[in-house]
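Enquirer: Please find start.cif (mmCIF, C-alpha atoms) on the next line:
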```cif
data_entry
#
loop_
_atom_site.label_atom_id
_atom_site.label_comp_id
_atom_site.auth_asym_id
_atom_site.auth_seq_id
_atom_site.Cartn_x
_atom_site.Cartn_y
_atom_site.Cartn_z
CA MET A 1 15.66 9.47 -2.23
CA VAL A 2 16.03 7.90 1.22
CA TYR A 3 16.28 4.10 1.50
CA ASN A 4 15.26 1.89 4.44
CA GLU A 5 15.25 -1.83 5.08
CA ILE A 6 11.90 -3.60 5.34
CA GLY A 7 12.27 -5.29 8.71
CA LYS A 8 14.96 -7.96 8.46
CA THR A 9 14.35 -8.85 4.83
CA GLY A 10 17.51 -7.23 3.51
CA MET A 11 15.39 -5.29 1.01
CA SER A 12 16.55 -1.66 1.10
CA VAL A 13 13.70 0.27 -0.45
CA SER A 14 12.95 3.87 -1.31
CA ASN A 15 10.94 5.65 1.36
CA LEU A 16 8.45 6.57 -1.37
CA SER A 17 7.32 3.60 -3.43
CA PHE A 18 5.03 2.88 -6.37
CA GLY A 19 1.62 1.33 -5.82
CA ALA A 20 0.38 -0.06 -9.11
CA SER A 21 -3.34 -0.14 -8.29
CA SER A 22 -3.86 2.86 -10.55
CA LEU A 23 -2.65 0.83 -13.54
CA GLY A 24 -5.83 -1.21 -13.19
CA GLY A 25 -8.05 1.85 -13.39
CA VAL A 26 -9.03 1.52 -9.75
CA PHE A 27 -9.59 5.26 -9.31
CA HIS A 28 -10.41 6.26 -12.89
CA GLY A 29 -9.67 5.20 -16.44
CA VAL A 30 -6.05 4.97 -17.49
CA ARG A 31 -4.19 4.93 -20.78
CA GLU A 32 -1.93 1.91 -20.87
CA ASP A 33 0.99 3.69 -22.52
CA GLU A 34 0.86 6.46 -19.93
CA GLY A 35 0.73 3.93 -17.10
CA ILE A 36 3.80 2.15 -18.45
CA LYS A 37 5.61 5.47 -18.68
CA ALA A 38 4.64 6.23 -15.06
CA VAL A 39 6.36 3.02 -13.92
CA HIS A 40 9.50 3.86 -15.90
CA THR A 41 9.49 7.40 -14.53
CA ALA A 42 9.29 6.11 -10.96
CA VAL A 43 12.19 3.68 -11.35
CA ASP A 44 14.32 6.16 -13.30
CA ASN A 45 13.96 8.62 -10.43
CA GLY A 46 15.00 6.36 -7.57
CA ILE A 47 11.85 4.44 -6.63
CA ASN A 48 12.78 0.77 -6.31
CA PHE A 49 9.76 -0.86 -4.65
CA ILE A 50 6.60 -1.67 -6.62
CA ASP A 51 3.45 -3.17 -5.15
CA VAL A 52 0.53 -4.68 -7.05
CA SER A 53 -2.20 -7.31 -6.74
CA PRO A 54 -4.24 -9.50 -9.09
CA TYR A 55 -7.26 -7.83 -7.51
CA TYR A 56 -6.40 -4.35 -8.86
CA GLY A 57 -8.41 -3.86 -12.00
CA HIS A 58 -9.21 -7.58 -11.84
CA LEU A 59 -5.82 -8.62 -13.31
CA LYS A 60 -5.34 -5.50 -15.45
CA ALA A 61 -2.84 -3.80 -13.11
CA GLU A 62 -0.54 -6.82 -13.12
CA MET A 63 -0.76 -7.11 -16.89
CA VAL A 64 0.07 -3.46 -17.52
CA LEU A 65 2.83 -3.54 -14.93
CA GLY A 66 4.23 -6.67 -16.56
CA LYS A 67 4.54 -4.81 -19.87
CA ALA A 68 6.39 -2.00 -18.10
CA LEU A 69 8.73 -4.36 -16.28
CA LYS A 70 9.79 -6.05 -19.53
CA GLU A 71 11.91 -2.98 -20.23
CA ILE A 72 13.48 -2.63 -16.76
CA PRO A 73 16.42 -4.74 -15.56
CA ARG A 74 15.24 -7.05 -12.76
CA ASP A 75 17.91 -5.85 -10.33
CA ARG A 76 16.54 -2.29 -10.38
CA TYR A 77 13.39 -2.97 -8.37
CA PHE A 78 11.80 -5.07 -5.65
CA LEU A 79 8.38 -6.46 -6.58
CA SER A 80 5.47 -7.19 -4.26
CA THR A 81 2.14 -8.78 -5.13
CA LYS A 82 -0.64 -10.56 -3.26
CA VAL A 83 -2.89 -13.60 -2.95
CA GLY A 84 -6.37 -14.14 -1.55
CA ARG A 85 -8.41 -11.33 -3.06
CA TYR A 86 -9.49 -11.45 -6.70
CA GLY A 87 -12.24 -10.40 -9.05
CA LYS A 88 -13.83 -11.25 -12.35
CA ASP A 89 -16.38 -9.49 -14.52
CA GLY A 90 -16.72 -6.73 -11.95
CA VAL A 91 -17.41 -9.14 -9.08
CA ASN A 92 -15.09 -9.40 -6.06
CA THR A 93 -14.02 -12.88 -5.00
CA TRP A 94 -11.90 -14.23 -2.16
CA ASP A 95 -10.04 -17.52 -1.83
CA TYR A 96 -7.43 -18.02 0.88
CA SER A 97 -6.93 -21.74 0.36
CA ALA A 98 -3.39 -23.08 0.08
CA GLU A 99 -4.05 -24.45 -3.40
CA ARG A 100 -5.36 -21.13 -4.74
CA ALA A 101 -2.61 -19.11 -3.07
CA THR A 102 0.09 -21.28 -4.62
CA ALA A 103 -1.46 -21.16 -8.08
CA SER A 104 -1.98 -17.42 -7.78
CA VAL A 105 1.73 -16.76 -7.28
CA TYR A 106 2.66 -18.56 -10.50
CA GLU A 107 -0.14 -16.83 -12.41
CA SER A 108 1.05 -13.44 -11.16
CA MET A 109 4.62 -14.16 -12.20
CA GLN A 110 3.40 -14.94 -15.72
CA ARG A 111 1.41 -11.71 -15.96
CA LEU A 112 4.29 -9.71 -14.48
CA ASN A 113 6.91 -11.27 -16.77
CA VAL A 114 9.16 -12.27 -13.87
CA ASP A 115 10.39 -15.59 -12.50
CA TYR A 116 10.66 -14.46 -8.89
CA ILE A 117 8.54 -12.39 -6.48
CA ASP A 118 10.47 -10.46 -3.84
CA LEU A 119 7.53 -10.14 -1.42
CA ILE A 120 4.26 -12.07 -1.49
CA ASN A 121 1.40 -10.89 0.71
CA VAL A 122 -1.89 -12.30 1.94
CA HIS A 123 -4.24 -9.57 0.75
CA ASP A 124 -6.75 -7.90 3.10
CA VAL A 125 -6.87 -10.59 5.76
CA GLU A 126 -10.05 -9.12 7.29
CA PHE A 127 -12.01 -10.80 4.49
CA ALA A 128 -10.58 -14.19 5.45
CA ASP A 129 -11.03 -16.57 8.31
CA LEU A 130 -7.93 -15.42 10.20
CA GLN A 131 -7.28 -18.93 11.43
CA GLN A 132 -7.25 -20.16 7.82
CA VAL A 133 -4.66 -17.48 7.01
CA VAL A 134 -2.49 -18.81 9.86
CA SER A 135 -2.95 -22.52 9.26
CA GLU A 136 -3.27 -22.68 5.47
CA THR A 137 -2.50 -19.54 3.44
CA LEU A 138 0.74 -18.54 5.15
CA PRO A 139 2.21 -22.06 5.26
CA ALA A 140 1.65 -22.32 1.50
CA LEU A 141 3.56 -19.08 0.96
CA VAL A 142 6.31 -20.13 3.37
CA GLU A 143 6.74 -23.29 1.28
CA LEU A 144 7.19 -21.14 -1.83
CA ARG A 145 9.73 -19.10 0.12
CA ARG A 146 11.57 -22.32 1.01
CA LYS A 147 11.64 -23.27 -2.67
CA GLY A 148 13.00 -19.85 -3.65
CA VAL A 149 9.96 -18.92 -5.73
CA VAL A 150 9.34 -15.91 -3.48
CA GLY A 151 11.78 -14.05 -1.29
CA HIS A 152 9.67 -12.92 1.65
CA VAL A 153 6.16 -13.26 3.08
CA GLY A 154 3.85 -10.55 4.39
CA ILE A 155 0.25 -9.71 5.18
CA THR A 156 -1.90 -6.67 4.42
CA ASP A 157 -5.03 -5.14 5.88
CA LEU A 158 -6.84 -1.92 6.65
CA GLN A 159 -7.30 -2.97 10.28
CA PRO A 160 -3.98 -3.16 12.17
CA GLU A 161 -5.43 -5.31 14.95
CA ASN A 162 -6.00 -8.09 12.39
CA LEU A 163 -2.34 -7.93 11.39
CA LYS A 164 -1.37 -8.31 15.03
CA TRP A 165 -3.70 -11.27 15.54
CA VAL A 166 -2.24 -13.16 12.60
CA ILE A 167 1.32 -12.50 13.77
CA ASP A 168 0.50 -13.53 17.34
CA HIS A 169 -0.91 -16.84 16.12
CA SER A 170 1.85 -17.64 13.61
CA GLU A 171 5.27 -19.14 14.16
CA ASP A 172 8.04 -16.57 14.53
CA GLY A 173 9.57 -15.69 11.19
CA THR A 174 6.48 -16.58 9.19
CA VAL A 175 5.37 -12.99 8.65
CA GLU A 176 8.22 -10.68 7.68
CA SER A 177 6.32 -7.53 6.79
CA VAL A 178 2.94 -5.86 7.13
CA LEU A 179 1.22 -3.42 4.81
CA CYS A 180 -1.41 -1.19 6.39
CA PHE A 181 -3.22 1.62 4.60
CA CYS A 182 -4.91 4.86 5.62
CA HIS A 183 -3.54 4.69 9.19
CA TYR A 184 -0.46 6.87 8.88
CA CYS A 185 -1.75 9.99 7.20
CA LEU A 186 -2.85 13.48 8.23
CA ASN A 187 -6.29 12.36 9.44
CA ASP A 188 -5.30 9.05 11.05
CA ASP A 189 -2.05 8.06 12.80
CA MET A 190 -3.25 4.83 14.42
CA LEU A 191 -0.33 2.90 12.95
CA LEU A 192 1.93 4.63 15.48
CA ASP A 193 0.28 2.58 18.24
CA TYR A 194 1.59 -0.64 16.65
CA LEU A 195 5.14 0.30 15.65
CA ASP A 196 6.76 -0.88 18.89
CA TYR A 197 5.03 -4.24 18.54
CA PHE A 198 6.13 -4.72 14.94
CA GLU A 199 9.69 -3.71 15.80
CA GLN A 200 9.84 -6.15 18.70
CA LYS A 201 8.77 -8.90 16.30
CA GLY A 202 11.36 -7.84 13.70
CA ILE A 203 8.61 -7.15 11.18
CA GLY A 204 8.92 -4.44 8.55
CA VAL A 205 6.17 -1.87 8.09
CA ILE A 206 4.84 -0.62 4.77
CA ASN A 207 2.45 2.33 4.80
CA ALA A 208 0.00 2.96 1.99
CA SER A 209 -2.43 5.59 0.78
CA PRO A 210 -0.95 8.82 2.16
CA LEU A 211 -3.91 10.68 0.65
CA SER A 212 -6.32 8.39 2.55
CA MET A 213 -7.81 7.08 -0.71
CA GLY A 214 -8.51 10.62 -1.90
CA LEU A 215 -9.85 12.21 1.28
CA LEU A 216 -6.72 14.37 1.50
CA SER A 217 -6.94 15.90 -1.95
CA GLN A 218 -8.25 19.02 -3.55
CA ARG A 219 -10.48 16.91 -5.78
CA GLY A 220 -11.92 15.13 -2.76
CA ALA A 221 -12.78 11.50 -2.13
CA PRO A 222 -14.48 9.49 -4.88
CA ASP A 223 -18.14 8.61 -4.48
CA TRP A 224 -17.34 5.02 -3.54
CA HIS A 225 -15.14 6.04 -0.60
CA PRO A 226 -16.43 4.34 2.58
CA ALA A 227 -15.60 7.21 4.96
CA PRO A 228 -18.55 8.82 6.78
CA GLU A 229 -19.71 12.23 5.60
CA SER A 230 -18.45 13.91 8.79
CA LEU A 231 -14.88 12.87 7.99
CA ARG A 232 -15.25 13.80 4.32
CA GLU A 233 -16.39 17.27 5.34
CA ALA A 234 -13.52 17.74 7.81
CA CYS A 235 -11.01 16.79 5.14
CA ARG A 236 -12.67 19.15 2.65
CA ARG A 237 -12.25 22.01 5.13
CA ALA A 238 -8.61 21.06 5.65
CA ALA A 239 -7.99 20.96 1.89
CA GLU A 240 -9.59 24.37 1.43
CA TYR A 241 -7.45 25.82 4.22
CA CYS A 242 -4.26 24.45 2.65
CA ALA A 243 -5.28 25.88 -0.73
CA ARG A 244 -5.66 29.32 0.84
CA GLN A 245 -2.11 29.00 2.16
CA GLY A 246 -0.84 28.16 -1.32
CA TYR A 247 0.23 24.71 -0.10
CA PRO A 248 -1.74 21.85 -1.69
CA ILE A 249 -2.96 19.33 0.85
CA GLU A 250 -1.60 16.54 -1.37
CA LYS A 251 1.91 17.92 -0.87
CA LEU A 252 1.51 18.14 2.90
CA ALA A 253 -0.01 14.67 3.08
CA MET A 254 2.81 13.08 1.10
CA GLN A 255 5.43 14.81 3.21
CA TYR A 256 3.76 13.84 6.47
CA SER A 257 3.42 10.17 5.56
CA THR A 258 7.08 9.80 4.59
CA SER A 259 8.44 11.65 7.63
CA LEU A 260 8.72 8.80 10.14
CA ASN A 261 11.47 6.84 8.45
CA PRO A 262 13.04 4.43 9.13
CA ARG A 263 10.39 3.04 11.51
CA ILE A 264 8.09 2.89 8.51
CA ALA A 265 10.21 1.53 5.69
CA THR A 266 8.24 2.96 2.80
CA THR A 267 4.99 4.68 1.84
CA LEU A 268 3.11 3.60 -1.27
CA PHE A 269 1.36 6.08 -3.53
CA SER A 270 -0.39 5.28 -6.78
CA SER A 271 -0.55 7.27 -10.00
CA ALA A 272 -0.64 6.28 -13.64
CA ASN A 273 0.38 9.81 -14.62
CA PRO A 274 4.15 10.32 -15.12
CA ALA A 275 3.89 14.02 -14.25
CA ASN A 276 2.21 13.17 -10.94
CA VAL A 277 4.93 10.64 -10.19
CA LEU A 278 7.57 13.34 -10.59
CA LYS A 279 5.52 15.79 -8.55
CA ASN A 280 5.22 13.37 -5.63
CA ILE A 281 8.93 12.58 -5.71
CA ASP A 282 9.59 16.31 -5.55
CA PHE A 283 7.13 16.74 -2.67
CA VAL A 284 8.89 14.23 -0.43
CA SER A 285 12.31 15.73 -1.10
CA GLN A 286 11.25 18.65 1.12
CA PRO A 287 10.27 18.64 4.82
CA ALA A 288 6.66 19.17 5.80
CA ASP A 289 5.50 22.51 7.20
CA GLU A 290 4.96 21.38 10.79
CA GLY A 291 2.83 24.42 11.63
CA LEU A 292 0.51 23.60 8.76
CA VAL A 293 0.39 19.94 9.82
CA ALA A 294 -0.76 21.03 13.28
CA GLU A 295 -3.42 23.34 11.85
CA VAL A 296 -4.76 20.68 9.49
CA ARG A 297 -5.04 18.22 12.35
CA ARG A 298 -6.84 20.89 14.40
CA ILE A 299 -9.32 21.41 11.56
CA ILE A 300 -9.94 17.68 11.27
CA GLY A 301 -10.49 17.72 15.03
CA ASP A 302 -12.73 15.00 16.43
CA GLN A 303 -12.70 13.23 13.07
CA MET A 304 -9.09 12.17 13.65
CA ARG A 305 -8.83 8.37 13.62
CA VAL A 306 -12.44 7.95 12.55
CA ARG A 307 -12.54 4.52 10.98
CA TRP A 308 -14.51 2.82 8.23
CA LYS A 309 -15.00 -0.71 7.03
CA ASN A 310 -12.96 -1.99 4.10
CA SER A 311 -14.93 -2.66 0.94
#
```
Using the file provided, produce a representation of the structure as structure tokens.
Expert:
Amino acid sequence: MVYNEIGKTGMSVSNLSFGASSLGGVFHGVREDEGIKAVHTAVDNGINFIDVSPYYGHLKAEMVLGKALKEIPRDRYFLSTKVGRYGKDGVNTWDYSAERATASVYESMQRLNVDYIDLINVHDVEFADLQQVVSETLPALVELRRKGVVGHVGITDLQPENLKWVIDHSEDGTVESVLCFCHYCLNDDMLLDYLDYFEQKGIGVINASPLSMGLLSQRGAPDWHPAPESLREACRRAAEYCARQGYPIEKLAMQYSTSLNPRIATTLFSSANPANVLKNIDFVSQPADEGLVAEVRRIIGDQMRVRWKNS
């Protein structure tokens, strides 16, 4: 496993990291005991960064992860969670107020069975009034950082331009890391356009969803995926081509998304299946087939960097 620092945080994290959204049954149903074993498998095999949110599974992911973390020494992992986006009874809710953000951190710590959060993020800022994030949400988290309740403060979003706007309108040092998903993968490398900016600001970069939320898989994207049909079809053709070469597109996608280190500190993947955790760790231990990468990108063609709205 390769380790990189997230910006200037001092957190040296594995270049492949564990996204716990799957523990909440975000993609499909999950057995709790298997999910707990997946977390243990990840940590036992060198993964030391775990990301979650109260939104995933509407609290379930944090609760299952908390059970897993009970059995792991606290110095073996860095833990990241989020504020701002929630849900209850199948209904999405958002609240970026300072009061709710502060309370949310303490609630997450209780569910996660920890007394300290290494990295706290404002979740999916595109759903917020960006000015409220700057003037209210982030200052509340910075105050928790000052008190030592959290170690570092970050922001997350699908749209990288929103991340830049928040940073540009915040005091230097407020935002220490960004998490952007689906923009450094085989069908979309838009994140590359922002790396110089983030580096100049001393901000660490976390990449997520190397499979582009299922587009880059043999199974294909789930029905709820917001990508247009033209992009879905292009990715299906790319997956079929990889299968004919005896090289699963999931393997190529994982390798591609972890290949830019250390400019991107880590790439999050999510699986509640211990065997899949081991498979992905094995994938990234090998270099990508660059010829196959080029052919896949040719097949995707004019659907490269096609965007969709977060949901």
Enquirer: Per residue of stretch 229-304 of chain A within 12 Å of stretch 58-70 of chain A, note the shortest atom pair and the distance in Å to one decimal, counting all atoms listed in the file, and order the rows by chain and increasing residue number, as CSV.
Expert:
```
residue,atom,partner,partner_atom,distance
A:Ser270,CA,A:Ala61,CA,11.3
A:Ser271,CA,A:Ala61,CA,11.7
A:Ala272,CA,A:Ala61,CA,10.3
```
Enquirer: Can those selected residues be exported to a file as an mmCIF file, in the coordinates of the input so that it contains C-alpha atoms?
Expert:
```cif
data_model
loop_
_atom_site.group_PDB
_atom_site.id
_atom_site.type_symbol
_atom_site.label_atom_id
_atom_site.label_comp_id
_atom_site.auth_asym_id
_atom_site.auth_seq_id
_atom_site.Cartn_x
_atom_site.Cartn_y
_atom_site.Cartn_z
ATOM 1 C CA SER A 270 -0.390 5.280 -6.780
ATOM 2 C CA SER A 271 -0.550 7.270 -10.000
ATOM 3 C CA ALA A 272 -0.640 6.280 -13.640
#
```
Enquirer: Closest to A:Ile281 among A:Glu107, A:Asn113, A:Ala294, A:Phe269, using only C-alpha atoms?
Expert: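 Result for the nearest residue to A:Ile281: A:Phe269.
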Enquirer: Going by the chain IDs and residue numbers used in this file, which residues fall under the PyMOL selection byres ((chain A and resi 254) around 12)? Write them as an mmCIF file with C-alpha atoms, in the frame of the given file.
Expert:
```cif
data_model
loop_
_atom_site.group_PDB
_atom_site.id
_atom_site.type_symbol
_atom_site.label_atom_id
_atom_site.label_comp_id
_atom_site.auth_asym_id
_atom_site.auth_seq_id
_atom_site.Cartn_x
_atom_site.Cartn_y
_atom_site.Cartn_z
ATOM 1 C CA ASN A 15 10.940 5.650 1.360
ATOM 2 C CA LEU A 16 8.450 6.570 -1.370
ATOM 3 C CA SER A 17 7.320 3.600 -3.430
ATOM 4 C CA TYR A 184 -0.460 6.870 8.880
ATOM 5 C CA CYS A 185 -1.750 9.990 7.200
ATOM 6 C CA LEU A 186 -2.850 13.480 8.230
ATOM 7 C CA ASN A 207 2.450 2.330 4.800
ATOM 8 C CA ALA A 208 0.000 2.960 1.990
ATOM 9 C CA SER A 209 -2.430 5.590 0.780
ATOM 10 C CA PRO A 210 -0.950 8.820 2.160
ATOM 11 C CA LEU A 211 -3.910 10.680 0.650
ATOM 12 C CA SER A 212 -6.320 8.390 2.550
ATOM 13 C CA GLY A 214 -8.510 10.620 -1.900
ATOM 14 C CA LEU A 216 -6.720 14.370 1.500
ATOM 15 C CA SER A 217 -6.940 15.900 -1.950
ATOM 16 C CA TYR A 247 0.230 24.710 -0.100
ATOM 17 C CA PRO A 248 -1.740 21.850 -1.690
ATOM 18 C CA ILE A 249 -2.960 19.330 0.850
ATOM 19 C CA GLU A 250 -1.600 16.540 -1.370
ATOM 20 C CA LYS A 251 1.910 17.920 -0.870
ATOM 21 C CA LEU A 252 1.510 18.140 2.900
ATOM 22 C CA ALA A 253 -0.010 14.670 3.080
ATOM 23 C CA GLN A 255 5.430 14.810 3.210
ATOM 24 C CA TYR A 256 3.760 13.840 6.470
ATOM 25 C CA SER A 257 3.420 10.170 5.560
ATOM 26 C CA THR A 258 7.080 9.800 4.590
ATOM 27 C CA SER A 259 8.440 11.650 7.630
ATOM 28 C CA LEU A 260 8.720 8.800 10.140
ATOM 29 C CA THR A 266 8.240 2.960 2.800
ATOM 30 C CA THR A 267 4.990 4.680 1.840
ATOM 31 C CA LEU A 268 3.110 3.600 -1.270
ATOM 32 C CA PHE A 269 1.360 6.080 -3.530
ATOM 33 C CA SER A 270 -0.390 5.280 -6.780
ATOM 34 C CA VAL A 277 4.930 10.640 -10.190
ATOM 35 C CA LYS A 279 5.520 15.790 -8.550
ATOM 36 C CA ASN A 280 5.220 13.370 -5.630
ATOM 37 C CA ILE A 281 8.930 12.580 -5.710
ATOM 38 C CA ASP A 282 9.590 16.310 -5.550
ATOM 39 C CA PHE A 283 7.130 16.740 -2.670
ATOM 40 C CA VAL A 284 8.890 14.230 -0.430
ATOM 41 C CA SER A 285 12.310 15.730 -1.100
ATOM 42 C CA GLN A 286 11.250 18.650 1.120
ATOM 43 C CA PRO A 287 10.270 18.640 4.820
ATOM 44 C CA ALA A 288 6.660 19.170 5.800
ATOM 45 C CA ASP A 289 5.500 22.510 7.200
ATOM 46 C CA VAL A 293 0.390 19.940 9.820
#
```
Enquirer: Which of these, A:Asn92, A:Thr41, A:Thr137, A:Asn276, has the shortest distance to A:Ile155 once you count all atoms listed in the file?
Expert: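 The shortest atom-to-atom distance to A:Ile155 comes from A:Thr137.
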Enquirer: Enter the distance from atom CA of A:Ala234 to atom CA of A:Gln303, in Å, rounded to one decimal.
Expert: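 Spanning atom CA of A:Ala234 to atom CA of A:Gln303 is a straight-line distance of 7.0 Å.
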Enquirer: When the PyMOL selection byres ((chain A and resi 191) around 12) is applied to the structure above, which residues does it catch, written out as a CSV table (one decimal) with C-alpha atoms, in the frame of the given file?
Expert:
```csv
chain,number,residue,atom,x,y,z
A,157,ASP,CA,-5.0,-5.1,5.9
A,158,LEU,CA,-6.8,-1.9,6.6
A,159,GLN,CA,-7.3,-3.0,10.3
A,160,PRO,CA,-4.0,-3.2,12.2
A,161,GLU,CA,-5.4,-5.3,15.0
A,163,LEU,CA,-2.3,-7.9,11.4
A,164,LYS,CA,-1.4,-8.3,15.0
A,178,VAL,CA,2.9,-5.9,7.1
A,179,LEU,CA,1.2,-3.4,4.8
A,180,CYS,CA,-1.4,-1.2,6.4
A,181,PHE,CA,-3.2,1.6,4.6
A,182,CYS,CA,-4.9,4.9,5.6
A,183,HIS,CA,-3.5,4.7,9.2
A,184,TYR,CA,-0.5,6.9,8.9
A,185,CYS,CA,-1.8,10.0,7.2
A,186,LEU,CA,-2.8,13.5,8.2
A,187,ASN,CA,-6.3,12.4,9.4
A,188,ASP,CA,-5.3,9.0,11.0
A,189,ASP,CA,-2.0,8.1,12.8
A,190,MET,CA,-3.2,4.8,14.4
A,192,LEU,CA,1.9,4.6,15.5
A,193,ASP,CA,0.3,2.6,18.2
A,194,TYR,CA,1.6,-0.6,16.6
A,195,LEU,CA,5.1,0.3,15.6
A,196,ASP,CA,6.8,-0.9,18.9
A,197,TYR,CA,5.0,-4.2,18.5
A,198,PHE,CA,6.1,-4.7,14.9
A,205,VAL,CA,6.2,-1.9,8.1
A,206,ILE,CA,4.8,-0.6,4.8
A,207,ASN,CA,2.4,2.3,4.8
A,208,ALA,CA,0.0,3.0,2.0
A,257,SER,CA,3.4,10.2,5.6
A,260,LEU,CA,8.7,8.8,10.1
A,263,ARG,CA,10.4,3.0,11.5
A,264,ILE,CA,8.1,2.9,8.5
A,305,ARG,CA,-8.8,8.4,13.6
```
Enquirer: Between atom CA of A:Gly10 and atom CA of A:Pro139, what is the spacing in Å?
Expert: 21.4 Å
Enquirer: Just to confirm, what's the straight-line distance from atom CA of A:Leu112 to atom CA of A:Asn273 in Å (one decimal)?
Expert: 19.9 Å
